[in-house]
Every structure is written in C-alpha cells, then in structure tokens.
Amino acid sequence: MSSGGKAAPAPVTVPAPSPAPSLAPVSTPVSARAGLPAGEKERVQERLDAWLLDTGLAATPEEARHPRWNAMAATAARFWPDADAEQAETLARWMLVIAVVDDLFDEPGLADPDEIVRLRHRLTLLVRGLDGTPPAGGAVATAMAQAWERIRLVQPPSWRTRALGHLEEWLEAAEREACHRLSGFIPSLRDQFALRLGSSGAPVFLDSFEITYGGEFEPAVRDHPLYRRLLDVAAAAALAENDLRTLDEDEAVGAPYNLVRVLRHETGCTRQEAIDAVTRQVEDGFAQVDAILTAAPAILRPTDGAAASVTGMGLVRLARERLPGWRTLHDIDRYSRSSAGSETYLTRLRRELLVEYAETGAAR
C-alpha cells in the first residue's frame with residue numbers, strides 16, 4: 001500500500017470489511033449546514049462577477065460571463081456541499097485564481113520559452129508574498145491577494161505554509177509542461193504519471209479540499225498508507241479520465257502528457273487501441289477507489305480511540321459522499337475562449353504579468 005511514484009498505481013487487492021456494528025457518526029470540523037439554498041448560488045455568482053470586474057481579471061461584463069468562470073459559484077457549492085454563501089464565495093474566488101493561472105500556461109499566444117520562464121517567475125514572486133505583504137501589481141496580483149486574504153482568516157499558518165509551497169511546485173511543473181509542449185517532447189510511460197500529476201496541481205486540489213474540511217488534516221492522517229494509496233489510485237484514475245475527455249483538444253494543441261498520446265508514442269498502437277486501454281485503466285482505477293473506501297472503516301476503526309483514526313474515518317466518509325460531485329467538476333470548459341482570435345483575456349493578463357516582471361528587475 002505504499003506509494004512508489006511509479007508511472008501508474010499497481011492493482012491492489014483490498015479485503016472486504018468484516019461484519020461489525022454500524023459506526024456511530026464521527027464528529028468532524030465540517031459545517032453541518034445544508035448548503036446554499038435555492039437562488040443563493042446565483043447571488044454568489046453575481047458577487048463573483050462584480051469581483052472579476054473590480055480586480056481587472058475581466059475587462060468587460062461579457063468576459064465576466066466567460067464559461068470558464070461563470071459557473072464557479074455552483075462549482076464551489078458542489079465541491080463544498082455544506083458551505084454557506086460566505087464560504088462558497090471564499091472557495092470560488094480561490095478556484096477562479098487557480099483556473100486563471102492554469103490557463104495562462106496553456107494560452108495559445110504563449111509560444112516563447114523565455115516568456116514561459118518569466119511568467120512563472122512573476123507568479124512565483126506573487127505567491128511568495130501572499131502570507132506577508134503581497135506585491136503590488138495588476139489584475140492577477142490583486143485577485144490573488146484578495147482571494148488569499150479570505151483564506152488566511154479560516155486556515156492555520158501550518159496549512160498556509162504547505163499550500164504556498166505546493167503552489168510554487170505547481171508553477172514549476174506548469175512551466176515545464178508548457179516548454180515540453182512547445183518542443184514537441186512526449187515522455188515515456190514510466191515518467192508520464194509523475195509529470196502529469198505535477199502539472200495537474202493535484203496537491204493544490206487537495207489543499208482546496210482541506211479548506212472545505214474546515215482546518216487541516218493531521219500529519220498522521222495525511223501520511224497514513226491507506227490514505228496515500230487512495231490518493232495515488234484516485235489521482236491516476238481521475239487524470240486518465242480527464243485525458244480521455246480532452247483528447248481531441250490535447251491532440252490539437254500538442255499537450256505532451258495526455259496518457260493516450262504517450263501510450264501511442266511508446267507502443268505504436270492505434271488511437272482506438274490506446275483509448276480502449278486507458279478506458280480500462282480508468283474503470284479499474286475507480287473500482288479500486290470504491291474497494292478502498294469500502295474497506296477503509298474496518299482498517300481505520302480505532303482500537304484505542306486514537307484521534308487520528310477518528311479523523312481518518314471522518315475523512316473517508318467525506319470522500320464517499322463527495323466523490324460523485326468531484327467527478328463532475330470537468331463540466332467547466334477550459335478550452336472556451338472569451339473572444340474570437342488570439343487577443344483573449346488570457347493574452348491581456350499574460351502581457352500585464354510580463355510587464356510587471358520587467359518592472360521588478362527580477363532575475364531568474
């Protein structure tokens with residue numbers, strides 16, 4: 001059950017839990033509220049639209065209604081089902097910032113490796129300043145600082161330190177993927193999963209999940225072999241499933257880490273054979289996730305009342321409840337553009353960040 005950093009998690013046989021009395025509800029820090037009432041998502045989205053315009057992320061009301069952004073309130077509510085309006089808006093702002101940063105490295109106009117490096121460096125400087133005095137700047141700097149300030153109010157310093165470190169690592173992986181895309185590099189199957197995992201920002205996603213948890217997972221929970229195995233298997237399955245959904249677009253733009261493309265490149269199989277193989281991997285992966293979640297209560301059942309075991313069992317319940325909603329997060333179309341041609345909001349934001357980089361006089 002250890003995570004070995006291989007190209008893809010190996011199949012694991014998880015024993016079914018032995019018969020036992022049903023577990024009493026586990027107390028967790030998660031809010032017990034029923035979530036946003038009808039109509040509240042729309043009001044949260046209206047505030048988000050206004051925030052996009054105030055920060056400058058969106059230059060016009062039409063851009064604020066971009067498909068990548070316009071459903072973020074509903075997406076945050078789906079990701080955090082028991083959140084109230086304030087919590088949903090806090091998470092949605094942060095998810096919007098993450099989406100913008102992610103898209104900046106995929107922007108079609110980003111075709112110069114040196115610009116990729118400068119873009120990453122500027123964003124890294126912004127991230128490093130978030131928990132102190134955020135650097136001044138344009139739309140992205142403003143939005144990032146304002147989104148993070150709300151999170152500072154609800155997450156402890158130890159979580160913030162880890163989350164900012166994960167953001168820096170993700171930016172480095174995004175830079176590497178963008179450079180690989182421009183060079184035409186396709187990795188081996190052995191290296192594909194590690195590269196794909198890094199550029200996907202999986203740790204950033206998990207940090208966002210801890211926001212919805214209402215605090216920070218104890219180290220004993222984060223480092224538990226069962227939890228690590230669950231993350232490995234679930235991440236491999238989710239990323240492979242995403243590669244199937246976005247295959248046409250990934251082929252068009254030359255995305256280097258798509259598993260179907262990597263499989264074809266390494267084995268010489270046909271496109272359909274690669275699709276079938278990845279489909280089987282996805283089905284097997286989510287079957288393993290279900291098996292692990294089914295067995296987890298028996299494995300984690302505390303024998304001595306250990307707090308970590310109790311928290312771990314609460315975490316498993318959350319995963320079982322929310323996994324169906326998480327798998328629908330792909331409904332946001334990352335390939336939609338806010339306007340015709342190459343001059344999109346992403347082009348504008350990228351140019352602004354590169355000007356800020358030049359003005360700081362920072363060197364790599």
# chains A, B, ... in the order shown; residues from 1 in each chain; ligands from 1
>>> select_by_dssp(residues="segment 146-196 of chain A", states="helix (DSSP H, G or I)", output="PyMOL selection string")
chain A and resi 146-152+157-183+189-196
>>> residues_around(residues="segment 152-166 of chain A", least_positions_apart="4", cutoff="9 Å", atoms="only C-alpha atoms", output="list in words")
Val127, Arg128, Leu130, Asp131, Trp148, Trp170, Leu171, Gly201, Pro203, Val204, Asp207, Ser208, Glu210, Ile211, Gly214, Gly215, Glu216 and Phe217 of chain A
>>> atom_distance(atom1="atom CA of Asp250 of chain A", atom2="atom CA of Ala174 of chain A")
15.1 Å
>>> residues_around(residues="Glu352 of chain A", least_positions_apart="3", cutoff="12 Å", atoms="only C-alpha atoms", output="PDB file with all heavy atoms, in the first residue's frame")
ATOM      1  N   GLY A  56     -10.049  43.431 -12.265  1.00  0.00           N
ATOM      2  CA  GLY A  56      -9.497  43.550 -13.600  1.00  0.00           C
ATOM      3  C   GLY A  56      -9.258  42.219 -14.288  1.00  0.00           C
ATOM      4  O   GLY A  56      -8.795  42.203 -15.437  1.00  0.00           O
ATOM      5  N   LEU A  57      -9.542  41.100 -13.612  1.00  0.00           N
ATOM      6  CA  LEU A  57      -9.422  39.813 -14.304  1.00  0.00           C
ATOM      7  C   LEU A  57     -10.305  39.807 -15.544  1.00  0.00           C
ATOM      8  O   LEU A  57      -9.918  39.306 -16.603  1.00  0.00           O
ATOM      9  CB  LEU A  57      -9.813  38.666 -13.378  1.00  0.00           C
ATOM     10  CG  LEU A  57      -8.806  38.244 -12.300  1.00  0.00           C
ATOM     11  CD1 LEU A  57      -9.349  37.059 -11.510  1.00  0.00           C
ATOM     12  CD2 LEU A  57      -7.452  37.907 -12.905  1.00  0.00           C
ATOM     13  N   LEU A 104      -3.248  30.314 -18.053  1.00  0.00           N
ATOM     14  CA  LEU A 104      -2.203  31.187 -18.580  1.00  0.00           C
ATOM     15  C   LEU A 104      -1.080  30.391 -19.241  1.00  0.00           C
ATOM     16  O   LEU A 104      -0.503  30.822 -20.240  1.00  0.00           O
ATOM     17  CB  LEU A 104      -1.629  32.064 -17.464  1.00  0.00           C
ATOM     18  CG  LEU A 104      -2.448  33.293 -17.084  1.00  0.00           C
ATOM     19  CD1 LEU A 104      -1.922  33.907 -15.795  1.00  0.00           C
ATOM     20  CD2 LEU A 104      -2.431  34.319 -18.212  1.00  0.00           C
ATOM     21  N   ARG A 118       9.668  33.697 -17.602  1.00  0.00           N
ATOM     22  CA  ARG A 118       9.382  34.974 -16.946  1.00  0.00           C
ATOM     23  C   ARG A 118       8.001  34.971 -16.313  1.00  0.00           C
ATOM     24  O   ARG A 118       7.803  35.524 -15.221  1.00  0.00           O
ATOM     25  CB  ARG A 118       9.516  36.115 -17.955  1.00  0.00           C
ATOM     26  CG  ARG A 118      10.946  36.330 -18.460  1.00  0.00           C
ATOM     27  CD  ARG A 118      11.101  37.683 -19.138  1.00  0.00           C
ATOM     28  NE  ARG A 118      10.293  37.800 -20.345  1.00  0.00           N
ATOM     29  CZ  ARG A 118      10.700  37.433 -21.559  1.00  0.00           C
ATOM     30  NH1 ARG A 118      11.898  36.898 -21.721  1.00  0.00           N
ATOM     31  NH2 ARG A 118       9.924  37.593 -22.614  1.00  0.00           N
ATOM     32  N   LEU A 119       7.053  34.360 -16.989  1.00  0.00           N
ATOM     33  CA  LEU A 119       5.697  34.271 -16.440  1.00  0.00           C
ATOM     34  C   LEU A 119       5.701  33.483 -15.140  1.00  0.00           C
ATOM     35  O   LEU A 119       5.115  33.902 -14.138  1.00  0.00           O
ATOM     36  CB  LEU A 119       4.766  33.608 -17.463  1.00  0.00           C
ATOM     37  CG  LEU A 119       3.311  33.392 -17.032  1.00  0.00           C
ATOM     38  CD1 LEU A 119       2.614  34.728 -16.810  1.00  0.00           C
ATOM     39  CD2 LEU A 119       2.569  32.570 -18.079  1.00  0.00           C
ATOM     40  N   ARG A 122       7.333  35.574 -12.299  1.00  0.00           N
ATOM     41  CA  ARG A 122       6.462  36.631 -11.766  1.00  0.00           C
ATOM     42  C   ARG A 122       5.387  36.043 -10.856  1.00  0.00           C
ATOM     43  O   ARG A 122       5.131  36.559  -9.763  1.00  0.00           O
ATOM     44  CB  ARG A 122       5.824  37.409 -12.911  1.00  0.00           C
ATOM     45  CG  ARG A 122       4.782  38.451 -12.465  1.00  0.00           C
ATOM     46  CD  ARG A 122       5.367  39.437 -11.477  1.00  0.00           C
ATOM     47  NE  ARG A 122       4.365  40.406 -11.024  1.00  0.00           N
ATOM     48  CZ  ARG A 122       4.498  41.151  -9.948  1.00  0.00           C
ATOM     49  NH1 ARG A 122       5.577  41.037  -9.183  1.00  0.00           N
ATOM     50  NH2 ARG A 122       3.564  42.003  -9.606  1.00  0.00           N
ATOM     51  N   LEU A 123       4.773  34.953 -11.285  1.00  0.00           N
ATOM     52  CA  LEU A 123       3.734  34.324 -10.464  1.00  0.00           C
ATOM     53  C   LEU A 123       4.320  33.772  -9.168  1.00  0.00           C
ATOM     54  O   LEU A 123       3.677  33.820  -8.111  1.00  0.00           O
ATOM     55  CB  LEU A 123       3.050  33.213 -11.263  1.00  0.00           C
ATOM     56  CG  LEU A 123       2.159  33.701 -12.417  1.00  0.00           C
ATOM     57  CD1 LEU A 123       1.774  32.536 -13.317  1.00  0.00           C
ATOM     58  CD2 LEU A 123       0.913  34.391 -11.877  1.00  0.00           C
ATOM     59  N   GLY A 137       0.499  45.002  -8.020  1.00  0.00           N
ATOM     60  CA  GLY A 137       0.501  44.621  -9.420  1.00  0.00           C
ATOM     61  C   GLY A 137      -0.858  44.811 -10.041  1.00  0.00           C
ATOM     62  O   GLY A 137      -1.718  45.505  -9.494  1.00  0.00           O
ATOM     63  N   GLY A 138      -1.050  44.157 -11.150  1.00  0.00           N
ATOM     64  CA  GLY A 138      -2.285  44.295 -11.901  1.00  0.00           C
ATOM     65  C   GLY A 138      -3.361  43.339 -11.461  1.00  0.00           C
ATOM     66  O   GLY A 138      -3.486  42.992 -10.278  1.00  0.00           O
ATOM     67  N   ALA A 139      -4.122  42.860 -12.425  1.00  0.00           N
ATOM     68  CA  ALA A 139      -5.327  42.090 -12.137  1.00  0.00           C
ATOM     69  C   ALA A 139      -5.025  40.782 -11.402  1.00  0.00           C
ATOM     70  O   ALA A 139      -5.661  40.460 -10.400  1.00  0.00           O
ATOM     71  CB  ALA A 139      -6.070  41.810 -13.443  1.00  0.00           C
ATOM     72  N   VAL A 140      -4.066  40.014 -11.904  1.00  0.00           N
ATOM     73  CA  VAL A 140      -3.788  38.725 -11.289  1.00  0.00           C
ATOM     74  C   VAL A 140      -3.252  38.912  -9.877  1.00  0.00           C
ATOM     75  O   VAL A 140      -3.663  38.209  -8.940  1.00  0.00           O
ATOM     76  CB  VAL A 140      -2.787  37.920 -12.149  1.00  0.00           C
ATOM     77  CG1 VAL A 140      -2.389  36.630 -11.439  1.00  0.00           C
ATOM     78  CG2 VAL A 140      -3.401  37.596 -13.521  1.00  0.00           C
ATOM     79  N   ALA A 141      -2.329  39.854  -9.696  1.00  0.00           N
ATOM     80  CA  ALA A 141      -1.782  40.111  -8.362  1.00  0.00           C
ATOM     81  C   ALA A 141      -2.872  40.545  -7.396  1.00  0.00           C
ATOM     82  O   ALA A 141      -2.937  40.073  -6.248  1.00  0.00           O
ATOM     83  CB  ALA A 141      -0.694  41.180  -8.443  1.00  0.00           C
ATOM     84  N   TYR A 345      -8.683  37.399 -23.061  1.00  0.00           N
ATOM     85  CA  TYR A 345      -8.373  37.920 -21.735  1.00  0.00           C
ATOM     86  C   TYR A 345      -7.077  37.321 -21.225  1.00  0.00           C
ATOM     87  O   TYR A 345      -6.329  37.966 -20.477  1.00  0.00           O
ATOM     88  CB  TYR A 345      -9.523  37.638 -20.763  1.00  0.00           C
ATOM     89  CG  TYR A 345      -9.639  36.194 -20.340  1.00  0.00           C
ATOM     90  CD1 TYR A 345      -9.069  35.757 -19.153  1.00  0.00           C
ATOM     91  CD2 TYR A 345     -10.318  35.266 -21.129  1.00  0.00           C
ATOM     92  CE1 TYR A 345      -9.163  34.435 -18.763  1.00  0.00           C
ATOM     93  CE2 TYR A 345     -10.416  33.957 -20.747  1.00  0.00           C
ATOM     94  CZ  TYR A 345      -9.840  33.542 -19.566  1.00  0.00           C
ATOM     95  OH  TYR A 345      -9.936  32.220 -19.184  1.00  0.00           O
ATOM     96  N   LEU A 346      -6.759  36.100 -21.621  1.00  0.00           N
ATOM     97  CA  LEU A 346      -5.516  35.469 -21.195  1.00  0.00           C
ATOM     98  C   LEU A 346      -4.304  36.196 -21.777  1.00  0.00           C
ATOM     99  O   LEU A 346      -3.289  36.379 -21.097  1.00  0.00           O
ATOM    100  CB  LEU A 346      -5.492  33.999 -21.612  1.00  0.00           C
ATOM    101  CG  LEU A 346      -6.472  33.083 -20.880  1.00  0.00           C
ATOM    102  CD1 LEU A 346      -6.504  31.702 -21.531  1.00  0.00           C
ATOM    103  CD2 LEU A 346      -6.099  32.955 -19.411  1.00  0.00           C
ATOM    104  N   THR A 347      -4.401  36.604 -23.033  1.00  0.00           N
ATOM    105  CA  THR A 347      -3.320  37.364 -23.647  1.00  0.00           C
ATOM    106  C   THR A 347      -3.084  38.663 -22.889  1.00  0.00           C
ATOM    107  O   THR A 347      -1.941  39.042 -22.592  1.00  0.00           O
ATOM    108  CB  THR A 347      -3.652  37.670 -25.115  1.00  0.00           C
ATOM    109  OG1 THR A 347      -3.888  36.445 -25.812  1.00  0.00           O
ATOM    110  CG2 THR A 347      -2.518  38.416 -25.789  1.00  0.00           C
ATOM    111  N   ARG A 348      -4.168  39.334 -22.558  1.00  0.00           N
ATOM    112  CA  ARG A 348      -4.058  40.600 -21.823  1.00  0.00           C
ATOM    113  C   ARG A 348      -3.409  40.388 -20.458  1.00  0.00           C
ATOM    114  O   ARG A 348      -2.501  41.134 -20.061  1.00  0.00           O
ATOM    115  CB  ARG A 348      -5.455  41.219 -21.668  1.00  0.00           C
ATOM    116  CG  ARG A 348      -5.505  42.449 -20.774  1.00  0.00           C
ATOM    117  CD  ARG A 348      -6.895  43.071 -20.774  1.00  0.00           C
ATOM    118  NE  ARG A 348      -7.946  42.131 -20.430  1.00  0.00           N
ATOM    119  CZ  ARG A 348      -8.240  41.774 -19.175  1.00  0.00           C
ATOM    120  NH1 ARG A 348      -7.557  42.266 -18.157  1.00  0.00           N
ATOM    121  NH2 ARG A 348      -9.230  40.926 -18.928  1.00  0.00           N
ATOM    122  N   LEU A 349      -3.854  39.382 -19.731  1.00  0.00           N
ATOM    123  CA  LEU A 349      -3.313  39.126 -18.393  1.00  0.00           C
ATOM    124  C   LEU A 349      -1.859  38.689 -18.460  1.00  0.00           C
ATOM    125  O   LEU A 349      -1.042  39.071 -17.614  1.00  0.00           O
ATOM    126  CB  LEU A 349      -4.161  38.062 -17.690  1.00  0.00           C
ATOM    127  CG  LEU A 349      -5.616  38.449 -17.391  1.00  0.00           C
ATOM    128  CD1 LEU A 349      -6.353  37.277 -16.768  1.00  0.00           C
ATOM    129  CD2 LEU A 349      -5.685  39.672 -16.485  1.00  0.00           C
ATOM    130  N   VAL A 355       4.980  42.504 -18.118  1.00  0.00           N
ATOM    131  CA  VAL A 355       5.396  43.890 -17.887  1.00  0.00           C
ATOM    132  C   VAL A 355       5.763  44.067 -16.415  1.00  0.00           C
ATOM    133  O   VAL A 355       6.781  44.693 -16.078  1.00  0.00           O
ATOM    134  CB  VAL A 355       4.283  44.870 -18.297  1.00  0.00           C
ATOM    135  CG1 VAL A 355       4.595  46.280 -17.794  1.00  0.00           C
ATOM    136  CG2 VAL A 355       4.113  44.874 -19.802  1.00  0.00           C
ATOM    137  N   GLU A 356       4.951  43.503 -15.523  1.00  0.00           N
ATOM    138  CA  GLU A 356       5.257  43.582 -14.091  1.00  0.00           C
ATOM    139  C   GLU A 356       6.593  42.918 -13.792  1.00  0.00           C
ATOM    140  O   GLU A 356       7.389  43.427 -12.982  1.00  0.00           O
ATOM    141  CB  GLU A 356       4.143  42.898 -13.283  1.00  0.00           C
ATOM    142  CG  GLU A 356       2.811  43.623 -13.326  1.00  0.00           C
ATOM    143  CD  GLU A 356       1.714  42.803 -12.695  1.00  0.00           C
ATOM    144  OE1 GLU A 356       2.023  41.774 -12.064  1.00  0.00           O
ATOM    145  OE2 GLU A 356       0.532  43.187 -12.812  1.00  0.00           O
ATOM    146  N   TYR A 357       6.859  41.790 -14.436  1.00  0.00           N
ATOM    147  CA  TYR A 357       8.118  41.103 -14.227  1.00  0.00           C
ATOM    148  C   TYR A 357       9.288  41.991 -14.635  1.00  0.00           C
ATOM    149  O   TYR A 357      10.282  42.118 -13.919  1.00  0.00           O
ATOM    150  CB  TYR A 357       8.146  39.803 -15.038  1.00  0.00           C
ATOM    151  CG  TYR A 357       9.519  39.134 -15.053  1.00  0.00           C
ATOM    152  CD1 TYR A 357       9.890  38.279 -14.022  1.00  0.00           C
ATOM    153  CD2 TYR A 357      10.413  39.370 -16.088  1.00  0.00           C
ATOM    154  CE1 TYR A 357      11.140  37.675 -14.021  1.00  0.00           C
ATOM    155  CE2 TYR A 357      11.660  38.769 -16.093  1.00  0.00           C
ATOM    156  CZ  TYR A 357      12.015  37.912 -15.069  1.00  0.00           C
ATOM    157  OH  TYR A 357      13.251  37.329 -15.068  1.00  0.00           O
ATOM    158  N   ALA A 358       9.161  42.639 -15.789  1.00  0.00           N
ATOM    159  CA  ALA A 358      10.234  43.513 -16.272  1.00  0.00           C
ATOM    160  C   ALA A 358      10.446  44.690 -15.331  1.00  0.00           C
ATOM    161  O   ALA A 358      11.582  45.120 -15.081  1.00  0.00           O
ATOM    162  CB  ALA A 358       9.902  44.007 -17.672  1.00  0.00           C
ATOM    163  N   GLU A 359       9.342  45.199 -14.762  1.00  0.00           N
ATOM    164  CA  GLU A 359       9.446  46.372 -13.883  1.00  0.00           C
ATOM    165  C   GLU A 359      10.073  46.036 -12.550  1.00  0.00           C
ATOM    166  O   GLU A 359      10.660  46.904 -11.890  1.00  0.00           O
ATOM    167  CB  GLU A 359       8.064  46.989 -13.683  1.00  0.00           C
ATOM    168  CG  GLU A 359       7.521  47.654 -14.945  1.00  0.00           C
ATOM    169  CD  GLU A 359       6.104  48.158 -14.767  1.00  0.00           C
ATOM    170  OE1 GLU A 359       5.473  47.780 -13.739  1.00  0.00           O
ATOM    171  OE2 GLU A 359       5.628  48.939 -15.623  1.00  0.00           O
TER     172      GLU A 359
END
>>> atom_distance(atom1="atom CA of Asp112 of chain A", atom2="atom CA of Gly184 of chain A")
13.4 Å
>>> closest_residue(among="A:Glu107, A:Glu218, A:Glu62, A:Glu175", to="Leu315 of chain A", atoms="only C-alpha atoms")
A:Glu218
>>> atom_distance(atom1="atom CA of Trp69 of chain A", atom2="atom CA of Pro135 of chain A")
24.7 Å
>>> residues_around(residues="Tyr257 of chain A", least_positions_apart="5", cutoff="12 Å", atoms="only C-alpha atoms", output="PyMOL selection string")
chain A and resi 7+173-174+176-181+184-200+239-240+242-244+246-247+250-251+262-265
>>> closest_residue(among="A:Glu46, A:Gly314, A:Val260, A:Leu182", to="Glu115 of chain A", atoms="only C-alpha atoms")
A:Leu182
>>> closest_residue(among="A:Arg229, A:Arg322, A:Lys41, A:Arg245", to="Trp80 of chain A", atoms="only C-alpha atoms")
A:Arg322
